[in-house]
>>> print(open('structure.csv').read())   # CSV, C-alpha atoms and all ligand atoms
chain,number,residue,atom,x,y,z
W,1,MET,CA,62.6,77.2,72.1
W,2,LYS,CA,63.3,75.6,68.7
W,3,LYS,CA,61.4,77.1,65.8
W,4,TYR,CA,60.5,74.5,63.1
W,5,ASN,CA,60.5,75.5,59.5
W,6,PHE,CA,57.3,74.3,57.7
W,7,ASP,CA,58.1,76.5,54.7
W,8,GLU,CA,60.9,74.1,53.7
W,9,ILE,CA,60.3,72.1,50.5
W,10,VAL,CA,61.2,68.5,51.1
W,11,ASN,CA,61.7,66.7,47.9
W,12,ARG,CA,59.7,63.5,48.3
W,13,ARG,CA,59.9,62.3,44.7
W,14,GLY,CA,61.7,59.0,44.3
W,15,THR,CA,60.8,57.6,47.7
W,16,ASN,CA,57.8,55.6,46.6
W,17,CYS,CA,55.5,57.9,48.4
W,18,TYR,CA,51.9,57.8,47.2
W,19,LYS,CA,51.5,61.5,47.0
W,20,TYR,CA,54.2,62.2,44.4
W,21,ASP,CA,55.3,58.8,43.1
W,22,ALA,CA,51.9,57.4,42.4
W,23,LEU,CA,50.6,60.5,40.5
W,24,LYS,CA,51.1,58.9,37.1
W,25,LYS,CA,49.4,55.7,38.0
W,26,ILE,CA,46.4,57.4,39.7
W,27,PHE,CA,46.0,60.7,37.7
W,28,GLY,CA,47.7,59.8,34.5
W,29,SER,CA,50.5,62.4,34.8
W,30,ASP,CA,53.6,63.0,36.9
W,31,ASP,CA,53.5,66.7,36.3
W,32,LEU,CA,50.9,67.7,38.8
W,33,LEU,CA,50.9,69.6,42.1
W,34,PRO,CA,49.8,66.9,44.6
W,35,LEU,CA,47.5,68.1,47.4
W,36,TRP,CA,45.7,64.8,47.8
W,37,VAL,CA,46.8,61.8,50.0
W,38,ALA,CA,46.3,62.6,53.7
W,39,ASP,CA,49.9,62.9,54.8
W,40,THR,CA,51.9,66.1,55.1
W,41,ASP,CA,54.9,67.4,53.1
W,42,PHE,CA,56.6,68.5,56.3
W,43,ARG,CA,59.7,66.8,57.6
W,44,THR,CA,58.9,64.1,60.1
W,45,PRO,CA,60.1,65.8,63.4
W,46,ASP,CA,63.8,65.6,64.3
W,47,PHE,CA,63.2,64.1,67.7
W,48,ILE,CA,61.4,61.1,66.0
W,49,MET,CA,64.1,60.7,63.3
W,50,GLU,CA,66.8,60.8,66.0
W,51,ALA,CA,65.1,58.2,68.1
W,52,ILE,CA,64.8,55.9,65.1
W,53,ARG,CA,68.4,56.4,64.1
W,54,ARG,CA,69.6,55.7,67.6
W,55,ARG,CA,67.7,52.4,67.7
W,56,MET,CA,68.9,51.5,64.2
W,57,ASP,CA,72.5,52.0,65.2
W,58,HIS,CA,72.1,48.9,67.3
W,59,GLU,CA,72.0,46.9,64.1
W,60,ASN,CA,69.8,44.0,65.2
W,61,LEU,CA,66.2,44.1,64.1
W,62,GLY,CA,65.0,40.8,65.5
W,63,TYR,CA,61.5,40.2,67.1
W,64,SER,CA,60.7,42.8,69.7
W,65,PHE,CA,57.7,43.7,71.9
W,66,ARG,CA,56.5,47.1,72.9
W,67,GLY,CA,57.9,48.0,76.3
W,68,GLU,CA,56.4,49.9,79.2
W,69,GLY,CA,57.6,53.2,77.7
W,70,PHE,CA,55.4,52.7,74.7
W,71,PHE,CA,52.2,52.5,76.8
W,72,ARG,CA,53.4,55.2,79.3
W,73,SER,CA,53.8,57.6,76.4
W,74,ILE,CA,50.3,57.0,75.1
W,75,ILE,CA,48.8,57.4,78.6
W,76,SER,CA,50.7,60.6,79.2
W,77,TRP,CA,49.7,62.0,75.8
W,78,ILE,CA,46.1,61.3,76.5
W,79,ASP,CA,46.3,62.7,80.0
W,80,HIS,CA,47.8,65.9,78.6
W,81,SER,CA,45.2,66.1,75.8
W,82,TYR,CA,42.0,65.3,77.8
W,83,GLY,CA,43.0,65.4,81.5
W,84,THR,CA,42.3,61.7,82.1
W,85,VAL,CA,44.6,58.9,83.0
W,86,ILE,CA,43.5,55.7,81.2
W,87,PRO,CA,44.6,52.2,82.4
W,88,GLU,CA,47.3,50.6,80.4
W,89,GLY,CA,45.1,47.6,79.8
W,90,TRP,CA,42.7,49.6,77.7
W,91,ILE,CA,45.3,50.1,75.0
W,92,SER,CA,45.8,47.5,72.2
W,93,PHE,CA,48.3,47.9,69.3
W,94,THR,CA,47.0,47.8,65.8
W,95,PRO,CA,49.0,48.1,62.6
W,96,GLY,CA,46.6,50.8,61.3
W,97,VAL,CA,43.4,52.5,62.0
W,98,VAL,CA,41.6,50.9,59.0
W,99,SER,CA,42.8,47.5,60.0
W,100,ALA,CA,41.4,48.2,63.5
W,101,VAL,CA,38.1,49.2,62.1
W,102,THR,CA,38.0,46.1,59.9
W,103,VAL,CA,38.9,43.8,62.9
W,104,ALA,CA,36.1,45.4,64.9
W,105,VAL,CA,33.6,44.8,62.1
W,106,MET,CA,34.8,41.2,61.8
W,107,ALA,CA,34.8,40.5,65.6
W,108,PHE,CA,31.5,42.2,66.6
W,109,THR,CA,29.2,41.9,63.7
W,110,GLN,CA,28.0,38.9,61.7
W,111,SER,CA,27.4,38.2,58.1
W,112,GLY,CA,24.4,40.1,56.9
W,113,ASP,CA,24.5,42.6,59.8
W,114,LYS,CA,24.2,46.3,58.9
W,115,VAL,CA,26.9,48.8,59.8
W,116,ILE,CA,26.1,52.5,59.7
W,117,VAL,CA,28.4,55.1,58.2
W,118,GLN,CA,27.7,58.8,57.8
W,119,PRO,CA,28.6,59.9,54.3
W,120,PRO,CA,30.4,61.8,52.9
W,121,VAL,CA,33.1,60.0,54.8
W,122,TYR,CA,36.6,58.5,54.6
W,123,PHE,CA,35.9,55.9,52.0
W,124,PRO,CA,37.9,52.8,53.2
W,125,PHE,CA,35.1,52.3,55.8
W,126,TYR,CA,32.9,51.0,53.0
W,127,GLU,CA,35.4,48.4,52.1
W,128,SER,CA,35.9,47.4,55.8
W,129,ILE,CA,32.2,46.6,55.9
W,130,ARG,CA,31.5,45.2,52.5
W,131,GLY,CA,34.8,43.2,52.4
W,132,SER,CA,33.8,41.5,55.6
W,133,GLY,CA,30.4,40.5,54.1
W,134,ARG,CA,28.4,43.0,56.1
W,135,GLU,CA,25.9,45.5,54.7
W,136,VAL,CA,26.6,49.3,54.6
W,137,SER,CA,23.7,51.3,56.1
W,138,LEU,CA,23.8,55.0,55.2
W,139,ASN,CA,23.0,57.8,57.6
W,140,PRO,CA,24.1,60.9,55.5
W,141,LEU,CA,25.3,63.9,57.3
W,142,ARG,CA,23.1,67.0,56.9
W,143,LEU,CA,24.7,70.1,55.4
W,144,HIS,CA,23.4,73.1,57.3
W,145,LYS,CA,24.9,76.6,57.2
W,146,GLY,CA,28.1,75.4,55.7
W,147,ARG,CA,28.7,72.7,58.3
W,148,PHE,CA,27.9,69.0,58.6
W,149,HIS,CA,25.5,67.8,61.3
W,150,PHE,CA,24.4,64.3,62.4
W,151,ASP,CA,20.9,63.5,61.0
W,152,LEU,CA,19.5,61.8,64.1
W,153,ASP,CA,16.0,61.6,62.8
W,154,ASP,CA,17.2,59.7,59.8
W,155,LEU,CA,19.4,57.5,62.1
W,156,GLU,CA,16.3,56.4,64.1
W,157,THR,CA,14.5,55.4,60.9
W,158,ILE,CA,17.3,53.3,59.4
W,159,ILE,CA,18.1,51.3,62.5
W,160,ASP,CA,16.5,47.8,62.5
W,161,GLU,CA,17.2,44.5,64.2
W,162,HIS,CA,20.2,43.8,61.9
W,163,THR,CA,21.9,47.1,62.7
W,164,THR,CA,24.8,46.3,65.1
W,165,MET,CA,27.5,48.9,64.6
W,166,LEU,CA,28.2,52.5,63.7
W,167,ILE,CA,31.5,53.7,62.4
W,168,LEU,CA,32.1,57.3,63.5
W,169,CYS,CA,34.7,59.6,62.0
W,170,SER,CA,35.7,62.0,64.8
W,171,PRO,CA,37.0,64.6,63.9
W,172,HIS,CA,35.4,64.2,60.5
W,173,ASN,CA,37.3,63.5,57.3
W,174,PRO,CA,36.6,65.1,54.8
W,175,GLY,CA,34.5,67.9,56.5
W,176,GLY,CA,36.9,68.7,59.3
W,177,MET,CA,34.2,68.8,62.0
W,178,VAL,CA,35.2,68.5,65.6
W,179,TRP,CA,31.9,67.0,66.9
W,180,LYS,CA,30.6,69.0,69.8
W,181,ARG,CA,30.1,67.2,73.1
W,182,GLU,CA,26.3,67.7,72.8
W,183,GLU,CA,26.3,66.2,69.3
W,184,LEU,CA,28.2,63.2,70.5
W,185,GLU,CA,25.9,62.8,73.5
W,186,ALA,CA,22.8,62.8,71.3
W,187,LEU,CA,24.4,60.2,69.0
W,188,ALA,CA,25.4,58.1,71.9
W,189,GLU,CA,21.9,58.1,73.4
W,190,ILE,CA,20.5,56.6,70.2
W,191,CYS,CA,23.3,54.0,69.8
W,192,ASN,CA,23.0,53.0,73.5
W,193,ARG,CA,19.3,52.6,73.3
W,194,HIS,CA,19.6,50.4,70.3
W,195,ARG,CA,22.7,48.5,71.6
W,196,ILE,CA,24.8,49.6,68.7
W,197,MET,CA,28.5,49.4,69.2
W,198,VAL,CA,30.4,52.5,68.1
W,199,VAL,CA,33.8,52.3,66.4
W,200,SER,CA,35.2,55.8,66.6
W,201,ASP,CA,38.0,56.6,64.2
W,202,GLU,CA,39.9,59.4,66.0
W,203,ILE,CA,43.0,59.5,63.9
W,204,HIS,CA,42.7,63.2,63.4
W,205,SER,CA,42.1,64.0,67.0
W,206,ASP,CA,45.4,65.8,67.7
W,207,LEU,CA,44.9,68.2,64.7
W,208,ILE,CA,42.4,70.5,66.4
W,209,TYR,CA,42.1,74.2,65.4
W,210,SER,CA,42.2,76.9,68.1
W,211,GLY,CA,38.9,77.4,69.8
W,212,TYR,CA,37.8,73.8,69.4
W,213,ARG,CA,38.0,70.8,71.7
W,214,HIS,CA,37.9,67.1,70.8
W,215,THR,CA,35.9,64.7,73.0
W,216,PRO,CA,37.1,61.1,72.7
W,217,TRP,CA,34.1,58.8,72.4
W,218,TRP,CA,34.9,56.9,75.6
W,219,MET,CA,34.5,60.2,77.5
W,220,VAL,CA,31.1,61.0,76.1
W,221,SER,CA,29.4,58.9,78.8
W,222,GLU,CA,30.0,55.8,80.9
W,223,GLU,CA,27.4,54.0,78.8
W,224,ALA,CA,29.0,55.0,75.6
W,225,ALA,CA,32.4,53.8,76.9
W,226,ARG,CA,30.9,50.3,77.5
W,227,HIS,CA,30.2,49.8,73.8
W,228,ALA,CA,33.1,51.6,72.3
W,229,ILE,CA,36.3,50.9,70.3
W,230,VAL,CA,38.3,54.1,69.8
W,231,CYS,CA,41.0,54.1,67.2
W,232,MET,CA,43.9,56.6,67.6
W,233,ALA,CA,47.4,57.0,66.1
W,234,PRO,CA,50.3,59.4,65.9
W,235,SER,CA,50.5,58.9,62.1
W,236,LYS,CA,48.7,62.0,60.8
W,237,THR,CA,49.9,64.1,63.7
W,238,PHE,CA,53.6,63.5,63.2
W,239,ASN,CA,53.7,62.5,59.6
W,240,MET,CA,54.7,58.9,60.3
W,241,ALA,CA,51.9,57.1,58.5
W,242,GLY,CA,54.4,54.9,56.7
W,243,LEU,CA,55.3,53.3,60.0
W,244,SER,CA,52.0,51.4,60.5
W,245,THR,CA,51.6,52.1,64.2
W,246,SER,CA,48.3,52.8,65.8
W,247,TYR,CA,46.3,51.7,68.7
W,248,THR,CA,42.8,51.2,70.1
W,249,ILE,CA,41.3,52.2,73.4
W,250,ILE,CA,38.7,49.8,74.6
W,251,PRO,CA,37.4,50.3,78.2
W,252,ASP,CA,35.1,47.2,78.3
W,253,PRO,CA,37.1,44.0,79.2
W,254,GLU,CA,34.9,41.6,77.3
W,255,ILE,CA,35.1,43.7,74.1
W,256,ARG,CA,38.8,44.1,74.6
W,257,LYS,CA,39.3,40.4,75.0
W,258,LYS,CA,37.4,39.5,71.8
W,259,PHE,CA,39.2,42.3,69.8
W,260,ASN,CA,42.6,41.2,71.0
W,261,THR,CA,41.9,37.6,70.3
W,262,LEU,CA,41.2,38.4,66.6
W,263,ILE,CA,44.3,40.5,66.4
W,264,GLN,CA,46.3,37.6,67.7
W,265,THR,CA,44.5,35.0,65.5
W,266,LEU,CA,45.4,37.2,62.4
W,267,HIS,CA,48.9,37.6,63.8
W,268,ILE,CA,48.9,41.3,63.1
W,269,GLY,CA,49.9,42.5,66.5
W,270,ASN,CA,53.7,42.4,66.2
W,271,GLY,CA,54.2,45.9,64.8
W,272,ASN,CA,57.6,47.1,63.8
W,273,ILE,CA,60.6,48.5,65.7
W,274,PRO,CA,60.8,52.0,64.0
W,275,GLY,CA,57.0,52.4,64.5
W,276,ALA,CA,57.2,51.7,68.3
W,277,VAL,CA,60.2,53.9,68.8
W,278,ALA,CA,58.6,56.7,66.8
W,279,LEU,CA,55.4,56.7,68.7
W,280,GLU,CA,57.2,56.9,72.0
W,281,ALA,CA,59.4,59.7,70.9
W,282,ALA,CA,56.4,61.6,69.3
W,283,TYR,CA,54.3,61.4,72.4
W,284,ASN,CA,57.1,62.2,74.8
W,285,HIS,CA,58.5,65.1,72.9
W,286,GLY,CA,55.9,66.3,70.4
W,287,HIS,CA,53.8,68.9,72.1
W,288,GLU,CA,55.8,72.0,71.0
W,289,TRP,CA,56.3,70.7,67.4
W,290,LEU,CA,52.5,69.9,67.1
W,291,SER,CA,51.5,73.3,68.3
W,292,GLN,CA,53.8,75.0,65.8
W,293,MET,CA,52.6,72.7,63.0
W,294,MET,CA,48.9,73.4,63.8
W,295,ALA,CA,49.7,77.2,63.9
W,296,TYR,CA,51.2,76.8,60.4
W,297,VAL,CA,48.2,74.7,59.1
W,298,GLU,CA,45.7,77.3,60.5
W,299,GLU,CA,47.6,80.0,58.7
W,300,ASN,CA,47.5,78.0,55.5
W,301,TYR,CA,43.8,77.7,56.0
W,302,ARG,CA,43.4,81.5,56.4
W,303,PHE,CA,45.5,82.0,53.3
W,304,LEU,CA,43.3,79.6,51.3
W,305,GLU,CA,40.1,81.1,52.6
W,306,GLN,CA,41.2,84.6,51.7
W,307,PHE,CA,42.5,83.6,48.3
W,308,LEU,CA,39.3,81.9,47.4
W,309,ALA,CA,37.1,84.8,48.6
W,310,THR,CA,39.2,87.2,46.4
W,311,HIS,CA,40.0,85.1,43.3
W,312,LEU,CA,37.6,82.2,43.2
W,313,PRO,CA,34.4,83.2,45.0
W,314,ARG,CA,32.4,80.5,43.3
W,315,VAL,CA,34.4,77.9,45.2
W,316,LYS,CA,32.9,77.6,48.7
W,317,VAL,CA,34.9,76.2,51.5
W,318,MET,CA,33.8,74.3,54.6
W,319,THR,CA,35.5,75.9,57.5
W,320,PRO,CA,37.6,73.1,59.1
W,321,GLU,CA,37.7,72.7,62.9
W,322,ALA,CA,40.4,70.1,62.7
W,323,THR,CA,42.8,68.3,60.2
W,324,PHE,CA,44.9,69.6,57.4
W,325,LEU,CA,42.2,68.5,55.0
W,326,VAL,CA,39.7,71.0,53.6
W,327,TRP,CA,36.5,70.2,51.8
W,328,LEU,CA,35.9,72.5,48.8
W,329,ASP,CA,32.5,73.0,47.1
W,330,PHE,CA,32.7,73.4,43.3
W,331,ARG,CA,29.0,72.8,42.7
W,332,GLU,CA,28.4,76.3,41.3
W,333,TYR,CA,30.4,75.3,38.3
W,334,ASP,CA,27.8,72.7,37.5
W,335,MET,CA,30.3,70.1,36.2
W,336,ASP,CA,29.7,66.4,36.7
W,337,ASP,CA,32.3,64.7,38.8
W,338,LEU,CA,34.4,63.3,36.0
W,339,GLN,CA,34.5,66.7,34.3
W,340,LEU,CA,35.5,68.5,37.5
W,341,SER,CA,38.3,66.0,38.2
W,342,GLU,CA,39.5,66.1,34.6
W,343,PHE,CA,39.5,69.8,34.6
W,344,LEU,CA,41.5,70.1,37.8
W,345,VAL,CA,44.1,67.5,36.6
W,346,ARG,CA,44.4,68.3,32.9
W,347,GLU,CA,43.8,72.1,32.9
W,348,ALA,CA,45.0,73.2,36.4
W,349,GLY,CA,47.6,70.5,36.8
W,350,ILE,CA,46.7,69.8,40.4
W,351,ALA,CA,45.8,66.5,42.1
W,352,LEU,CA,43.0,66.7,44.7
W,353,ASN,CA,40.8,63.9,46.2
W,354,ASN,CA,37.6,63.6,44.3
W,355,GLY,CA,34.5,64.2,46.5
W,356,ALA,CA,32.4,61.5,44.9
W,357,CYS,CA,34.7,58.8,46.4
W,358,TYR,CA,33.5,59.7,49.9
W,359,GLY,CA,30.0,58.6,49.0
W,360,LEU,CA,26.6,60.4,49.1
W,361,GLY,CA,26.9,64.1,49.3
W,362,GLY,CA,30.4,64.2,47.8
W,363,ASP,CA,29.5,65.0,44.2
W,364,GLY,CA,30.8,68.4,43.1
W,365,TRP,CA,33.2,68.6,46.1
W,366,GLN,CA,37.0,68.1,46.2
W,367,ARG,CA,39.3,67.5,49.2
W,368,ILE,CA,42.4,69.6,49.3
W,369,ASN,CA,45.4,68.8,51.6
W,370,ILE,CA,46.9,72.0,53.1
W,371,GLY,CA,49.5,70.2,55.1
W,372,CYS,CA,52.2,71.5,52.8
W,373,PRO,CA,54.6,74.6,52.5
W,374,ARG,CA,52.5,77.7,51.8
W,375,SER,CA,54.4,78.3,48.5
W,376,LEU,CA,53.0,75.0,47.2
W,377,LEU,CA,49.5,75.8,48.3
W,378,LYS,CA,49.8,79.3,46.8
W,379,GLU,CA,50.9,77.8,43.4
W,380,ALA,CA,48.1,75.3,43.4
W,381,LEU,CA,45.5,78.0,44.2
W,382,GLU,CA,46.9,80.3,41.5
W,383,ARG,CA,46.7,77.5,38.9
W,384,MET,CA,43.1,76.9,40.0
W,385,ALA,CA,42.2,80.6,39.8
W,386,GLN,CA,43.7,80.9,36.3
W,387,THR,CA,41.9,77.9,34.9
W,388,PHE,CA,38.6,78.4,36.5
W,389,GLY,CA,38.9,82.1,35.7
W,390,ARG,CA,38.6,81.1,32.0
W,391,ILE,CA,35.1,79.7,32.6
W,392,LYS,CA,32.4,82.2,31.8
W,393,ASP,CA,29.3,82.5,34.0
W,401,LIG,C1,39.7,59.1,59.0
W,401,LIG,C2,40.9,58.3,58.7
W,401,LIG,N1,41.0,57.1,59.2
W,401,LIG,C3,42.1,56.3,58.9
W,401,LIG,C4,43.0,56.7,58.0
W,401,LIG,C5,44.2,55.8,57.7
W,401,LIG,O1,44.7,55.2,58.8
W,401,LIG,P1,45.7,54.0,58.7
W,401,LIG,O2,46.7,54.4,57.7
W,401,LIG,O3,46.3,53.9,60.1
W,401,LIG,O4,45.0,52.8,58.4
W,401,LIG,C6,42.9,57.9,57.4
W,401,LIG,C7,43.9,58.4,56.5
W,401,LIG,O5,43.7,59.3,55.7
W,401,LIG,C8,41.9,58.8,57.8
W,401,LIG,O6,41.7,60.0,57.3
>>> encode(input="structure.csv", output="structure tokens")
Amino acid sequence: MKKYNFDEIVNRRGTNCYKYDALKKIFGSDDLLPLWVADTDFRTPDFIMEAIRRRMDHENLGYSFRGEGFFRSIISWIDHSYGTVIPEGWISFTPGVVSAVTVAVMAFTQSGDKVIVQPPVYFPFYESIRGSGREVSLNPLRLHKGRFHFDLDDLETIIDEHTTMLILCSPHNPGGMVWKREELEALAEICNRHRIMVVSDEIHSDLIYSGYRHTPWWMVSEEAARHAIVCMAPSKTFNMAGLSTSYTIIPDPEIRKKFNTLIQTLHIGNGNIPGAVALEAAYNHGHEWLSQMMAYVEENYRFLEQFLATHLPRVKVMTPEATFLVWLDFREYDMDDLQLSEFLVREAGIALNNGACYGLGGDGWQRINIGCPRSLLKEALERMAQTFGRIKD
């Protein structure tokens, strides 16, 4: 069996990648260790690159559609992951998960409607809602014993006759929760009772730590499936986010029809040839690579946890159950958000994602991306330990 090397440093500078080449623009300096944007520093797997190269060798990039193999590979990936064979008709192409979320907001809510999000959460959701002229309704997650939980009592109180949709992040970014089946069932019961459609962003659903199991929203209950749009993608899983290739799973035919009509009207359903080829190769050949990558990421997490406990015990960590993103709690340092970010960038020379961007509950937190070679993570943590070590109690 091939052993993949995740320790390898792949020089990404000079490729117009956000993580390295946008450092100056976003953080004011190029000379930083970047552990921010949610892609990985690992090589995109060889079986994906080879499939793209083979297709490129044909040297004609005219209009193309996604063939049967594209859909078959998704169906087989989902069957392998969750033990269920979905009908091909449930799958719709979307150029990205965020565009799918925005299309859902535009198609199924009206101007002035309220759409619930559960902060702190992946921040483009706010723009999907506000940019479409809808109102954001906040149902903050409850932090209890170091883990986020749905606040269902609060949810019941904020729902009114204008509330028509909830955008769920499952698994959760930035907290890394794999929502338990019972948690999802309880959430679904409330949404079903109030006829609230759930758009479930499951882009991180392949990145599950050992001992946890992801439940796709359409599998929570038959009733939940009837009001659901589930967004999935191979982009985080196989480091191919630059190929703009994702898809939705929509069991209900009426919802699907309306969703697809808007995709067609906006003319954003074409996709691109490398993206289609890459998805198929990823889902047909990616199981072993993914299990090796997740083993590496979990080892990175153990390294980080141990390092913080030993050298930076005032930084608390939310134990991730999924994703290569880890939510770090710096609140003991009592810095305001700007101070904390400035300190990390100017003093430690590392670029993380600022917690405040994720909305309520994010102040004093930072998101670190551990989808990188361990040597890089180690250097970032050492820089952090040195600079925070200078702060007196
Ligand atoms: C929860 C979540 N949804 C969506 C995205 C982005 O998806 P896309 O690039 O397909 O729009 C990200 C990327 O970080 C994410 O973490």
>>> residues_around(input="structure.csv", residues="region 375-377 of chain W", least_positions_apart="3", cutoff="9 Å", atoms="only C-alpha atoms", output="list of chain:residue names")
W:Asp7, W:Ile9, W:Leu33, W:Leu35, W:Asn300, W:Phe303, W:Leu304, W:Asn369, W:Ile370, W:Gly371, W:Cys372, W:Ala380, W:Leu381, W:Glu382
>>> closest_atom_pairs(input="structure.csv", of="chain W", to="ligand LIG 401 (chain W)", cutoff="6 Å", atoms="only C-alpha atoms and all ligand atoms", output="CSV")
residue,atom,partner,partner_atom,distance
W:Ala38,CA,W:LIG401,O5,4.7
W:Gly96,CA,W:LIG401,O3,3.3
W:Val97,CA,W:LIG401,O3,3.7
W:Val98,CA,W:LIG401,O4,3.9
W:Ser99,CA,W:LIG401,O4,6.0
W:Tyr122,CA,W:LIG401,C1,5.4
W:Cys169,CA,W:LIG401,C1,5.9
W:Asn173,CA,W:LIG401,C1,5.3
W:Asp201,CA,W:LIG401,N1,5.9
W:Ile203,CA,W:LIG401,N1,5.6
W:Ala241,CA,W:LIG401,O2,5.9
>>> residues_near_point(input="structure.csv", point="(45.0, 67.8, 76.4)", cutoff="12 Å", atoms="all atoms listed in the file", output="ChimeraX atom specification")
/W:75-85,205-208,212-216,283,287,291
>>> closest_residue(input="structure.csv", among="W:His227, W:Arg53, W:Arg195, W:Arg147", to="Asp252 (chain W)", atoms="only C-alpha atoms")
W:His227
>>> closest_residue(input="structure.csv", among="W:Val178, W:Ala225, W:Ile263, W:Leu338", to="Ala322 (chain W)", atoms="all atoms listed in the file")
W:Val178
>>> closest_residue(input="structure.csv", among="W:Ile268, W:Val230, W:Leu168, W:Met293", to="Ile255 (chain W)", atoms="only C-alpha atoms")
W:Val230
>>> closest_residue(input="structure.csv", among="W:Pro119, W:Leu279, W:Arg72, W:Phe65", to="Gly355 (chain W)", atoms="all atoms listed in the file")
W:Pro119
>>> atom_distance(input="structure.csv", atom1="CA of Leu61 (chain W)", atom2="CA of Thr94 (chain W)")
19.6 Å
>>> residues_around(input="structure.csv", residues="Ala51 (chain W)", least_positions_apart="2", cutoff="12 Å", atoms="all atoms listed in the file", output="mmCIF file with C-alpha atoms, in the frame of the given file")
data_model
loop_
_atom_site.group_PDB
_atom_site.id
_atom_site.type_symbol
_atom_site.label_atom_id
_atom_site.label_comp_id
_atom_site.auth_asym_id
_atom_site.auth_seq_id
_atom_site.Cartn_x
_atom_site.Cartn_y
_atom_site.Cartn_z
ATOM 1 C CA THR W 44 58.900 64.100 60.100
ATOM 2 C CA PRO W 45 60.100 65.800 63.400
ATOM 3 C CA ASP W 46 63.800 65.600 64.300
ATOM 4 C CA PHE W 47 63.200 64.100 67.700
ATOM 5 C CA ILE W 48 61.400 61.100 66.000
ATOM 6 C CA MET W 49 64.100 60.700 63.300
ATOM 7 C CA ARG W 53 68.400 56.400 64.100
ATOM 8 C CA ARG W 54 69.600 55.700 67.600
ATOM 9 C CA ARG W 55 67.700 52.400 67.700
ATOM 10 C CA MET W 56 68.900 51.500 64.200
ATOM 11 C CA ASP W 57 72.500 52.000 65.200
ATOM 12 C CA HIS W 58 72.100 48.900 67.300
ATOM 13 C CA ILE W 273 60.600 48.500 65.700
ATOM 14 C CA PRO W 274 60.800 52.000 64.000
ATOM 15 C CA GLY W 275 57.000 52.400 64.500
ATOM 16 C CA ALA W 276 57.200 51.700 68.300
ATOM 17 C CA VAL W 277 60.200 53.900 68.800
ATOM 18 C CA ALA W 278 58.600 56.700 66.800
ATOM 19 C CA LEU W 279 55.400 56.700 68.700
ATOM 20 C CA GLU W 280 57.200 56.900 72.000
ATOM 21 C CA ALA W 281 59.400 59.700 70.900
ATOM 22 C CA ALA W 282 56.400 61.600 69.300
ATOM 23 C CA ASN W 284 57.100 62.200 74.800
ATOM 24 C CA HIS W 285 58.500 65.100 72.900
#
>>> closest_residue(input="structure.csv", among="W:Phe343, W:Gln292, W:Asn354, W:Arg13", to="Asp30 (chain W)", atoms="all atoms listed in the file")
W:Arg13
>>> decode(input="structure.csv", residues="region 132-143 of chain W", atoms="N, CA and C atoms", output="compact mmCIF listing (two decimals), in the first residue's frame")
# COMPACT_ATOMS: atom_id res chain seq x y z
N SER W 132 -28.61 38.90 0.42
CA SER W 132 -29.84 38.58 -0.31
C SER W 132 -31.02 39.38 0.23
N GLY W 133 -30.74 40.32 1.13
CA GLY W 133 -31.82 41.16 1.67
C GLY W 133 -32.66 40.46 2.73
N ARG W 134 -32.10 39.43 3.35
CA ARG W 134 -32.82 38.74 4.43
C ARG W 134 -32.18 39.13 5.76
N GLU W 135 -32.87 38.78 6.84
CA GLU W 135 -32.38 39.18 8.16
C GLU W 135 -31.70 37.99 8.86
N VAL W 136 -30.58 38.27 9.49
CA VAL W 136 -29.89 37.23 10.25
C VAL W 136 -30.53 37.10 11.63
N SER W 137 -30.87 35.90 12.02
CA SER W 137 -31.42 35.66 13.35
C SER W 137 -30.42 34.76 14.09
N LEU W 138 -29.98 35.22 15.26
CA LEU W 138 -28.88 34.52 15.93
C LEU W 138 -29.37 33.54 17.00
N ASN W 139 -28.87 32.33 16.91
CA ASN W 139 -29.13 31.31 17.93
C ASN W 139 -27.74 30.82 18.40
N PRO W 140 -27.09 31.62 19.28
CA PRO W 140 -25.70 31.30 19.63
C PRO W 140 -25.56 29.90 20.22
N LEU W 141 -24.45 29.27 19.88
CA LEU W 141 -24.15 27.97 20.48
C LEU W 141 -23.80 28.18 21.94
N ARG W 142 -24.08 27.18 22.74
CA ARG W 142 -23.79 27.25 24.17
C ARG W 142 -22.48 26.52 24.43
N LEU W 143 -21.58 27.21 25.11
CA LEU W 143 -20.29 26.58 25.44
C LEU W 143 -20.43 25.91 26.79
